[in-house]
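Undergrad: Have a look at the structure that comes next, please.
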Amino acid sequence: MLGTGSALPSHVVTNDEVGAPAGVDHAWIHSRTGIRRRRWAKPDEATSDLAAAAGRAALEAAGVRGGELSLVIVATSTPDSPQPPTASAVADALGAGFGTTAFDVNAVCSGFVFALSTAERMLQGTGGYGLVVGADVYSRILDPHDRRSTILFGDGAGAVVVGPARGTGRLHSTRLAGFAADRELIQVPAGGSRLPASPQTLRDGLHYFTMNGREVRTFVAEKVAPAIGAFLDDNGVSPGDVDHFVPHQANGRMVEDLAGRVGIPADRMRATFEEYGNTGSASVPVTLDDAARAGALKDGDLILLAGFGGGMAMGLTLLTW
């Protein structure tokens, strides 16, 4: 992992603003989520715009030019359009050369870790550079009256450049898992081949993001927390060995509880939910970049990335900075 970058929209949305249509206020939202504000894309900003900006920042941090990339992967569940892949627009915007492989990955909020694992395997032994981006614009698919979801989400993008190791940095181990029987806990029902968009689906609000928050919290406590413990144990690592825990910023109270269940000290969890909310597949790389640019990450530090969400899916990565 040679460089990180992120991009957040300039438009700040407060709890009172997002809460008013849903019938809740700042105090209600903050007490339950830890979120104070989030950023939402402007009408002329799309997922690829944020992804390209984050990618540009990561390339600069890595000292790599866009033309040197052999691979661009964008993890998103809110692409610019059903096709072509958003990664194609990002690769073009960054000046990636002819023949650069570019494609999207959709594992919802676990997407960045899935994409990172894919890039690592594709680049092994090639000596090439890859750009991995997590980017989402959830503000476009939120029901403003649904307090279970609309209060949580912000828009953003985070990116990393991966390539031949320099110094101490290494990607050690990744574990990806799916829990398909729980797939309906998080979904956007309409807009695909099963239920194409129509005037009726729009009237019924089926193009909006929906989530069973109570069951998602149970999923994280009963399935994600034990899986993280087993992953660390299999790698010969104790929770106290982890210098930085970077979880998906699903909900501040939820990830605080997750860290406690795993046994990772609270001061080692990196968080951006208070300022940015839940940015979907962007939340892990945005939080990693935030820590990197704050100078919190030191050479040799052990970092645990944990993505989890729709699918249901989970992705874990252990790396040395």
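Identifiers for the structure tokens are assigned positionally: chains receive A, B, ... in sequence, residues are indexed from 1 per chain, and ligands are indexed from 1 in the order shown.
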List every residue of range 27-99 of chain A that has an atom at most 10 Å from any atom of range 265-282 of chain A, and for each one report the closest atom pair and its distance in Å to one decimal, counting only C-alpha atoms, with rows sorted by chain and then by increasing residue number, as CSV.
TA:
```
residue,atom,partner,partner_atom,distance
A:His30,CA,A:Glu274,CA,8.6
A:Thr33,CA,A:Glu274,CA,8.5
A:Gly34,CA,A:Glu274,CA,5.8
A:Ile35,CA,A:Glu274,CA,4.1
A:Arg36,CA,A:Glu274,CA,5.2
A:Arg37,CA,A:Glu275,CA,5.3
A:Arg38,CA,A:Tyr276,CA,4.2
A:Arg39,CA,A:Tyr276,CA,6.0
A:Trp40,CA,A:Tyr276,CA,9.2
A:Ala51,CA,A:Ala282,CA,9.1
A:Ala54,CA,A:Ala282,CA,9.9
A:Val74,CA,A:Ser281,CA,9.4
A:Ala75,CA,A:Ser281,CA,6.3
A:Thr76,CA,A:Ser281,CA,6.1
A:Ser77,CA,A:Ser281,CA,7.8
A:Thr78,CA,A:Gly280,CA,9.4
```
Undergrad: For those residues, write all heavy atoms to a file as a CSV table (one decimal), in the first residue's frame.
TA:
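Written output follows (selection-v2.csv):
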```
chain,number,residue,atom,x,y,z
A,30,HIS,N,-27.5,12.0,17.2
A,30,HIS,CA,-26.2,11.9,17.7
A,30,HIS,C,-26.1,10.8,18.9
A,30,HIS,O,-25.2,10.1,19.0
A,30,HIS,CB,-25.7,13.2,18.3
A,30,HIS,CG,-24.3,13.2,18.8
A,30,HIS,ND1,-24.0,13.2,20.1
A,30,HIS,CD2,-23.1,13.1,18.1
A,30,HIS,CE1,-22.7,13.1,20.3
A,30,HIS,NE2,-22.1,13.1,19.1
A,33,THR,N,-26.2,7.4,17.0
A,33,THR,CA,-25.2,7.0,16.0
A,33,THR,C,-23.8,7.6,16.2
A,33,THR,O,-22.9,7.2,15.5
A,33,THR,CB,-25.7,7.5,14.6
A,33,THR,OG1,-25.7,9.0,14.6
A,33,THR,CG2,-27.2,7.1,14.3
A,34,GLY,N,-23.7,8.7,17.0
A,34,GLY,CA,-22.4,9.4,17.1
A,34,GLY,C,-22.1,10.3,16.0
A,34,GLY,O,-21.1,11.0,16.0
A,35,ILE,N,-23.0,10.4,15.0
A,35,ILE,CA,-22.8,11.2,13.8
A,35,ILE,C,-23.3,12.7,14.1
A,35,ILE,O,-24.3,12.9,14.7
A,35,ILE,CB,-23.6,10.7,12.6
A,35,ILE,CG1,-23.0,9.3,12.3
A,35,ILE,CG2,-23.5,11.6,11.4
A,35,ILE,CD1,-23.9,8.5,11.3
A,36,ARG,N,-22.4,13.6,13.8
A,36,ARG,CA,-22.8,15.0,13.9
A,36,ARG,C,-23.2,15.7,12.6
A,36,ARG,O,-24.0,16.6,12.5
A,36,ARG,CB,-21.6,15.8,14.5
A,36,ARG,CG,-21.4,15.5,16.0
A,36,ARG,CD,-20.3,16.4,16.6
A,36,ARG,NE,-20.1,16.1,18.0
A,36,ARG,CZ,-20.9,16.5,19.0
A,36,ARG,NH1,-21.9,17.4,18.7
A,36,ARG,NH2,-20.7,16.2,20.2
A,37,ARG,N,-22.5,15.3,11.5
A,37,ARG,CA,-22.8,15.9,10.2
A,37,ARG,C,-22.3,14.9,9.1
A,37,ARG,O,-21.6,13.9,9.5
A,37,ARG,CB,-22.1,17.2,10.1
A,37,ARG,CG,-20.6,17.2,10.3
A,37,ARG,CD,-20.0,18.6,10.4
A,37,ARG,NE,-20.4,19.2,11.6
A,37,ARG,CZ,-19.9,19.1,12.8
A,37,ARG,NH1,-18.9,18.3,13.0
A,37,ARG,NH2,-20.4,19.7,13.9
A,38,ARG,N,-22.6,15.2,7.9
A,38,ARG,CA,-22.1,14.4,6.8
A,38,ARG,C,-22.0,15.3,5.6
A,38,ARG,O,-22.4,16.4,5.6
A,38,ARG,CB,-23.0,13.2,6.5
A,38,ARG,CG,-24.3,13.4,5.8
A,38,ARG,CD,-25.4,14.0,6.7
A,38,ARG,NE,-25.8,13.1,7.7
A,38,ARG,CZ,-26.1,13.5,9.0
A,38,ARG,NH1,-26.0,14.8,9.3
A,38,ARG,NH2,-26.5,12.6,9.9
A,39,ARG,N,-21.3,14.8,4.5
A,39,ARG,CA,-21.2,15.5,3.3
A,39,ARG,C,-22.0,14.9,2.2
A,39,ARG,O,-22.0,13.6,2.1
A,39,ARG,CB,-19.7,15.5,2.8
A,39,ARG,CG,-18.7,16.0,3.8
A,39,ARG,CD,-18.8,17.5,4.1
A,39,ARG,NE,-17.7,17.9,5.0
A,39,ARG,CZ,-16.5,18.3,4.6
A,39,ARG,NH1,-16.2,18.4,3.3
A,39,ARG,NH2,-15.6,18.7,5.5
A,40,TRP,N,-22.8,15.7,1.4
A,40,TRP,CA,-23.5,15.1,0.3
A,40,TRP,C,-23.1,15.8,-1.0
A,40,TRP,O,-22.8,17.0,-1.0
A,40,TRP,CB,-25.0,15.4,0.5
A,40,TRP,CG,-25.7,14.4,1.5
A,40,TRP,CD1,-25.1,13.4,2.1
A,40,TRP,CD2,-27.1,14.4,1.8
A,40,TRP,NE1,-26.0,12.7,2.9
A,40,TRP,CE2,-27.2,13.3,2.7
A,40,TRP,CE3,-28.2,15.2,1.5
A,40,TRP,CZ2,-28.5,13.0,3.3
A,40,TRP,CZ3,-29.4,14.9,2.1
A,40,TRP,CH2,-29.6,13.8,3.0
A,51,ALA,N,-14.4,9.6,-7.0
A,51,ALA,CA,-13.4,8.5,-7.1
A,51,ALA,C,-12.2,9.0,-7.7
A,51,ALA,O,-11.1,8.7,-7.3
A,51,ALA,CB,-14.0,7.3,-7.8
A,54,ALA,N,-10.2,11.3,-5.3
A,54,ALA,CA,-9.5,10.5,-4.3
A,54,ALA,C,-8.3,9.7,-4.9
A,54,ALA,O,-7.2,9.6,-4.3
A,54,ALA,CB,-10.5,9.5,-3.7
A,74,VAL,N,-12.8,0.1,-8.9
A,74,VAL,CA,-13.7,0.9,-8.1
A,74,VAL,C,-14.8,0.1,-7.4
A,74,VAL,O,-15.5,-0.6,-8.1
A,74,VAL,CB,-14.4,2.0,-9.0
A,74,VAL,CG1,-15.4,2.8,-8.1
A,74,VAL,CG2,-13.4,3.0,-9.6
A,75,ALA,N,-14.8,0.1,-6.1
A,75,ALA,CA,-15.8,-0.6,-5.3
A,75,ALA,C,-16.9,0.4,-5.1
A,75,ALA,O,-16.7,1.5,-4.5
A,75,ALA,CB,-15.2,-1.0,-4.0
A,76,THR,N,-18.1,0.1,-5.6
A,76,THR,CA,-19.2,1.0,-5.4
A,76,THR,C,-20.6,0.2,-5.6
A,76,THR,O,-20.6,-0.7,-6.3
A,76,THR,CB,-19.2,2.2,-6.4
A,76,THR,OG1,-20.3,3.1,-6.1
A,76,THR,CG2,-19.3,1.7,-7.8
A,77,SER,N,-21.6,0.7,-4.9
A,77,SER,CA,-22.9,0.2,-5.1
A,77,SER,C,-23.8,1.3,-5.6
A,77,SER,O,-25.0,1.1,-5.7
A,77,SER,CB,-23.5,-0.5,-3.8
A,77,SER,OG,-23.4,0.4,-2.7
A,78,THR,N,-23.2,2.4,-5.9
A,78,THR,CA,-23.9,3.6,-6.5
A,78,THR,C,-23.1,4.1,-7.7
A,78,THR,O,-22.6,5.2,-7.7
A,78,THR,CB,-24.1,4.7,-5.5
A,78,THR,OG1,-22.8,5.1,-5.0
A,78,THR,CG2,-25.0,4.3,-4.3
```
Undergrad: Got a sec: who's within 6 Å of range 126-132 of chain A, counting only C-alpha atoms, leaving out chain neighbours fewer than 6 positions off, as a list in words?
TA: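 Residues meeting the cut-off are Leu69, Ser70, Leu71, Val72, Ile73, Ala159, Val160, Val161, Val162, Gly163 and Pro164 of chain A.
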Undergrad: May I have the selected residues written with N, CA and C atoms, as a compact mmCIF listing (two decimals), in the first residue's frame?
TA:
```
# COMPACT_ATOMS: atom_id res chain seq x y z
N LEU A 69 -0.43 3.09 -14.17
CA LEU A 69 -1.36 2.12 -13.61
C LEU A 69 -1.64 0.99 -14.59
N SER A 70 -1.61 -0.22 -14.10
CA SER A 70 -2.02 -1.35 -14.92
C SER A 70 -3.41 -1.85 -14.52
N LEU A 71 -3.95 -1.31 -13.43
CA LEU A 71 -5.21 -1.80 -12.88
C LEU A 71 -5.93 -0.69 -12.13
N VAL A 72 -7.22 -0.53 -12.39
CA VAL A 72 -8.08 0.40 -11.64
C VAL A 72 -9.35 -0.37 -11.25
N ILE A 73 -9.60 -0.48 -9.96
CA ILE A 73 -10.82 -1.12 -9.46
C ILE A 73 -11.58 -0.12 -8.62
N ALA A 159 -9.15 6.12 -1.60
CA ALA A 159 -8.37 5.34 -2.56
C ALA A 159 -7.01 4.98 -1.99
N VAL A 160 -6.45 3.88 -2.51
CA VAL A 160 -5.08 3.50 -2.20
C VAL A 160 -4.39 3.07 -3.49
N VAL A 161 -3.10 3.31 -3.56
CA VAL A 161 -2.27 2.77 -4.64
C VAL A 161 -1.53 1.57 -4.07
N VAL A 162 -1.59 0.45 -4.77
CA VAL A 162 -0.87 -0.75 -4.34
C VAL A 162 0.15 -1.13 -5.41
N GLY A 163 1.23 -1.74 -4.95
CA GLY A 163 2.28 -2.13 -5.88
C GLY A 163 3.43 -2.76 -5.12
N PRO A 164 4.59 -2.89 -5.75
CA PRO A 164 5.74 -3.52 -5.10
C PRO A 164 6.06 -2.86 -3.76
```
Undergrad: For Arg148 in chain A, list every protein, DNA or RNA residue within 9 Å, evaluated using only C-alpha atoms, and leave out those in the same chain fewer than 3 positions away; present the list as a list in words.
TA: Ala22, His145, Ile151, Leu152, Thr210, Met211, Asn212 and Gly213 of chain A
Undergrad: Could you dump the residues just selected with N, CA, C and O atoms as a compact mmCIF listing (two decimals), in the first residue's frame?
TA:
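Output below, filename result_38.txt:
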```txt
# COMPACT_ATOMS: atom_id res chain seq x y z
N ALA A 22 -37.46 13.43 8.51
CA ALA A 22 -37.67 12.13 9.15
C ALA A 22 -38.26 12.26 10.54
O ALA A 22 -38.50 11.24 11.22
N HIS A 145 -37.67 10.44 4.37
CA HIS A 145 -38.60 10.25 5.50
C HIS A 145 -38.28 9.01 6.33
O HIS A 145 -38.94 8.77 7.35
N ILE A 151 -30.51 9.22 8.01
CA ILE A 151 -29.68 9.96 8.96
C ILE A 151 -28.24 9.47 8.98
O ILE A 151 -27.35 10.17 9.48
N LEU A 152 -27.99 8.27 8.45
CA LEU A 152 -26.68 7.64 8.59
C LEU A 152 -25.68 8.02 7.51
O LEU A 152 -24.48 8.07 7.78
N THR A 210 -32.97 0.49 1.60
CA THR A 210 -33.68 0.07 2.81
C THR A 210 -32.77 -0.81 3.66
O THR A 210 -31.91 -1.52 3.14
N MET A 211 -32.98 -0.76 4.97
CA MET A 211 -32.14 -1.52 5.89
C MET A 211 -32.92 -1.88 7.14
O MET A 211 -33.63 -1.03 7.69
N ASN A 212 -32.76 -3.11 7.59
CA ASN A 212 -33.32 -3.54 8.85
C ASN A 212 -32.25 -3.31 9.92
O ASN A 212 -31.41 -4.18 10.17
N GLY A 213 -32.25 -2.12 10.49
CA GLY A 213 -31.17 -1.72 11.39
C GLY A 213 -30.97 -2.64 12.59
O GLY A 213 -29.84 -2.95 12.97
```
Undergrad: Write out as JSON lines the residues of range 136-226 of chain A that have any atom within 9 Å of an atom of range 245-262 of chain A, one row each with the nearest atom pair and its distance in Å to one decimal, counting only C-alpha atoms, sorted by chain and then rising number.
TA:
```
{"residue": "A:Leu152", "atom": "CA", "partner": "A:Asn251", "partner_atom": "CA", "distance": 7.0}
{"residue": "A:Phe153", "atom": "CA", "partner": "A:Ala250", "partner_atom": "CA", "distance": 8.6}
{"residue": "A:Arg217", "atom": "CA", "partner": "A:Met254", "partner_atom": "CA", "distance": 6.8}
{"residue": "A:Val220", "atom": "CA", "partner": "A:Leu258", "partner_atom": "CA", "distance": 7.2}
{"residue": "A:Ala221", "atom": "CA", "partner": "A:Leu258", "partner_atom": "CA", "distance": 6.5}
{"residue": "A:Val224", "atom": "CA", "partner": "A:Leu258", "partner_atom": "CA", "distance": 8.2}
{"residue": "A:Ala225", "atom": "CA", "partner": "A:Val262", "partner_atom": "CA", "distance": 5.8}
{"residue": "A:Pro226", "atom": "CA", "partner": "A:Val262", "partner_atom": "CA", "distance": 7.3}
```
Undergrad: For the selection just defined, write its residues with all heavy atoms to a file, as a PDB file, in the first residue's frame.
TA:
```pdb
ATOM      1  N   LEU A 152     -27.994   8.272   8.447  1.00  0.00           N
ATOM      2  CA  LEU A 152     -26.680   7.638   8.591  1.00  0.00           C
ATOM      3  C   LEU A 152     -25.680   8.016   7.513  1.00  0.00           C
ATOM      4  O   LEU A 152     -24.477   8.068   7.776  1.00  0.00           O
ATOM      5  CB  LEU A 152     -26.833   6.106   8.585  1.00  0.00           C
ATOM      6  CG  LEU A 152     -27.571   5.467   9.751  1.00  0.00           C
ATOM      7  CD1 LEU A 152     -27.778   3.981   9.473  1.00  0.00           C
ATOM      8  CD2 LEU A 152     -26.789   5.666  11.040  1.00  0.00           C
ATOM      9  N   PHE A 153     -26.149   8.277   6.305  1.00  0.00           N
ATOM     10  CA  PHE A 153     -25.247   8.216   5.166  1.00  0.00           C
ATOM     11  C   PHE A 153     -24.718   9.564   4.688  1.00  0.00           C
ATOM     12  O   PHE A 153     -25.425  10.566   4.647  1.00  0.00           O
ATOM     13  CB  PHE A 153     -25.933   7.506   3.997  1.00  0.00           C
ATOM     14  CG  PHE A 153     -26.080   6.029   4.232  1.00  0.00           C
ATOM     15  CD1 PHE A 153     -27.229   5.522   4.820  1.00  0.00           C
ATOM     16  CD2 PHE A 153     -25.063   5.162   3.901  1.00  0.00           C
ATOM     17  CE1 PHE A 153     -27.367   4.165   5.056  1.00  0.00           C
ATOM     18  CE2 PHE A 153     -25.188   3.803   4.139  1.00  0.00           C
ATOM     19  CZ  PHE A 153     -26.332   3.294   4.717  1.00  0.00           C
ATOM     20  N   ARG A 217     -27.507  -4.792  13.261  1.00  0.00           N
ATOM     21  CA  ARG A 217     -26.729  -4.706  14.501  1.00  0.00           C
ATOM     22  C   ARG A 217     -26.481  -6.106  15.084  1.00  0.00           C
ATOM     23  O   ARG A 217     -25.383  -6.406  15.560  1.00  0.00           O
ATOM     24  CB  ARG A 217     -27.464  -3.825  15.520  1.00  0.00           C
ATOM     25  CG  ARG A 217     -26.683  -3.559  16.799  1.00  0.00           C
ATOM     26  CD  ARG A 217     -27.489  -2.684  17.738  1.00  0.00           C
ATOM     27  NE  ARG A 217     -27.631  -1.337  17.230  1.00  0.00           N
ATOM     28  CZ  ARG A 217     -26.762  -0.360  17.454  1.00  0.00           C
ATOM     29  NH1 ARG A 217     -25.672  -0.595  18.172  1.00  0.00           N
ATOM     30  NH2 ARG A 217     -26.967   0.856  16.974  1.00  0.00           N
ATOM     31  N   VAL A 220     -23.766  -7.864  13.037  1.00  0.00           N
ATOM     32  CA  VAL A 220     -22.411  -7.405  13.357  1.00  0.00           C
ATOM     33  C   VAL A 220     -21.942  -8.007  14.675  1.00  0.00           C
ATOM     34  O   VAL A 220     -20.801  -8.464  14.806  1.00  0.00           O
ATOM     35  CB  VAL A 220     -22.370  -5.864  13.403  1.00  0.00           C
ATOM     36  CG1 VAL A 220     -21.022  -5.372  13.928  1.00  0.00           C
ATOM     37  CG2 VAL A 220     -22.626  -5.284  12.010  1.00  0.00           C
ATOM     38  N   ALA A 221     -22.816  -8.027  15.676  1.00  0.00           N
ATOM     39  CA  ALA A 221     -22.436  -8.546  16.987  1.00  0.00           C
ATOM     40  C   ALA A 221     -22.208 -10.048  16.980  1.00  0.00           C
ATOM     41  O   ALA A 221     -21.249 -10.555  17.573  1.00  0.00           O
ATOM     42  CB  ALA A 221     -23.511  -8.182  18.017  1.00  0.00           C
ATOM     43  N   VAL A 224     -19.941 -10.832  12.709  1.00  0.00           N
ATOM     44  CA  VAL A 224     -18.713 -10.109  12.357  1.00  0.00           C
ATOM     45  C   VAL A 224     -17.706 -10.148  13.498  1.00  0.00           C
ATOM     46  O   VAL A 224     -16.522 -10.446  13.279  1.00  0.00           O
ATOM     47  CB  VAL A 224     -19.031  -8.658  11.959  1.00  0.00           C
ATOM     48  CG1 VAL A 224     -17.739  -7.878  11.712  1.00  0.00           C
ATOM     49  CG2 VAL A 224     -19.909  -8.619  10.714  1.00  0.00           C
ATOM     50  N   ALA A 225     -18.142  -9.865  14.708  1.00  0.00           N
ATOM     51  CA  ALA A 225     -17.205  -9.829  15.847  1.00  0.00           C
ATOM     52  C   ALA A 225     -16.483 -11.170  16.035  1.00  0.00           C
ATOM     53  O   ALA A 225     -15.238 -11.191  16.131  1.00  0.00           O
ATOM     54  CB  ALA A 225     -17.934  -9.417  17.121  1.00  0.00           C
ATOM     55  N   PRO A 226     -17.190 -12.309  16.076  1.00  0.00           N
ATOM     56  CA  PRO A 226     -16.467 -13.582  16.209  1.00  0.00           C
ATOM     57  C   PRO A 226     -15.549 -13.864  15.023  1.00  0.00           C
ATOM     58  O   PRO A 226     -14.471 -14.457  15.191  1.00  0.00           O
ATOM     59  CB  PRO A 226     -17.589 -14.624  16.291  1.00  0.00           C
ATOM     60  CG  PRO A 226     -18.796 -13.867  16.736  1.00  0.00           C
ATOM     61  CD  PRO A 226     -18.646 -12.512  16.129  1.00  0.00           C
TER      62      PRO A 226
END
```
Undergrad: Got a sec: who's within 10 Å of Ser173 in chain A, counting only C-alpha atoms, leaving out chain neighbours fewer than 4 positions off, as number ranges by chain?
TA: A: 117, 231-232, 234-235, 304, 316-319
Undergrad: Go ahead and save the picked residues with C-alpha atoms, as a short mmCIF file (atom, residue, chain, number, x, y, z; two decimals), in the first residue's frame.
TA:
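File selection_3.cif, as written:
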```cif
data_model
loop_
_atom_site.label_atom_id
_atom_site.label_comp_id
_atom_site.auth_asym_id
_atom_site.auth_seq_id
_atom_site.Cartn_x
_atom_site.Cartn_y
_atom_site.Cartn_z
CA SER A 117 -7.87 -8.38 -2.20
CA PHE A 231 -9.13 -14.09 11.77
CA LEU A 232 -6.70 -12.54 14.24
CA ASP A 234 -5.47 -17.63 12.72
CA ASN A 235 -2.80 -15.03 11.99
CA LEU A 304 -6.71 -4.26 10.71
CA LEU A 316 -10.94 -8.37 6.66
CA THR A 317 -7.35 -7.39 5.86
CA LEU A 318 -4.29 -7.38 8.09
CA LEU A 319 -1.38 -5.21 6.94
#
```
Undergrad: What does the structure give for the distance between CA of Ala57 in chain A and CA of Gly5 in chain A, in Å to one decimal?
TA: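 Going from CA of Ala57 in chain A over to CA of Gly5 in chain A covers 4.6 Å.
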Undergrad: I'd like the contact shell of Ala190 in chain A - 10 Å cut-off, only C-alpha atoms, skipping same-chain residues fewer than 3 positions apart - returned as a compact mmCIF listing (two decimals) with N, CA and C atoms, in the first residue's frame.
TA:
```txt
# COMPACT_ATOMS: atom_id res chain seq x y z
N GLN A 187 -30.90 -3.56 1.14
CA GLN A 187 -31.18 -3.70 -0.29
C GLN A 187 -31.75 -2.42 -0.89
N SER A 193 -32.79 -6.13 -13.05
CA SER A 193 -33.54 -7.00 -13.95
C SER A 193 -34.69 -7.72 -13.26
N ARG A 194 -34.60 -7.89 -11.93
CA ARG A 194 -35.68 -8.54 -11.19
C ARG A 194 -36.91 -7.65 -11.11
N LEU A 195 -36.69 -6.39 -10.87
CA LEU A 195 -37.79 -5.43 -10.72
C LEU A 195 -37.36 -4.12 -11.38
N PRO A 196 -37.48 -4.04 -12.69
CA PRO A 196 -37.01 -2.84 -13.40
C PRO A 196 -37.73 -1.58 -12.94
N ALA A 197 -37.02 -0.47 -13.04
CA ALA A 197 -37.62 0.81 -12.66
C ALA A 197 -38.84 1.09 -13.53
N SER A 198 -39.88 1.59 -12.90
CA SER A 198 -41.13 1.90 -13.60
C SER A 198 -41.85 2.98 -12.81
N THR A 201 -42.83 1.43 -9.46
CA THR A 201 -41.77 1.25 -8.45
C THR A 201 -41.38 2.60 -7.87
N LEU A 202 -41.42 3.65 -8.68
CA LEU A 202 -41.12 4.98 -8.15
C LEU A 202 -42.20 5.42 -7.17
N ASP A 204 -43.98 3.54 -5.35
CA ASP A 204 -43.86 2.72 -4.15
C ASP A 204 -42.56 2.93 -3.40
N GLY A 205 -41.69 3.78 -3.92
CA GLY A 205 -40.42 4.07 -3.25
C GLY A 205 -39.45 2.91 -3.26
N LEU A 206 -39.57 2.01 -4.23
CA LEU A 206 -38.72 0.82 -4.24
C LEU A 206 -37.32 1.08 -4.80
N HIS A 207 -37.08 2.29 -5.26
CA HIS A 207 -35.73 2.66 -5.73
C HIS A 207 -34.87 3.19 -4.58
N TYR A 208 -35.45 3.27 -3.39
CA TYR A 208 -34.71 3.75 -2.22
C TYR A 208 -33.96 2.63 -1.51
N PHE A 209 -32.88 3.01 -0.86
CA PHE A 209 -32.12 2.11 0.01
C PHE A 209 -32.97 1.77 1.23
```
Undergrad: Let's see if you can do this: from backbone DSSP, list all strand (DSSP E or B) residues in range 100-188 of chain A, as number ranges by chain.
TA: A: 101-105, 129-137, 153, 155-162, 170-178, 186-187
Undergrad: Could you tell me how far CA of Ser88 in chain A sits from CA of Phe103 in chain A, in Å to one decimal place?
TA: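 One can read the CA of Phe103 in chain A to CA of Ser88 in chain A distance as 6.7 Å.
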Undergrad: Could you tell me how far CA of Ile186 in chain A sits from CA of Gly315 in chain A, in Å to one decimal place?
TA: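 Those two atoms sit 16.5 Å apart.
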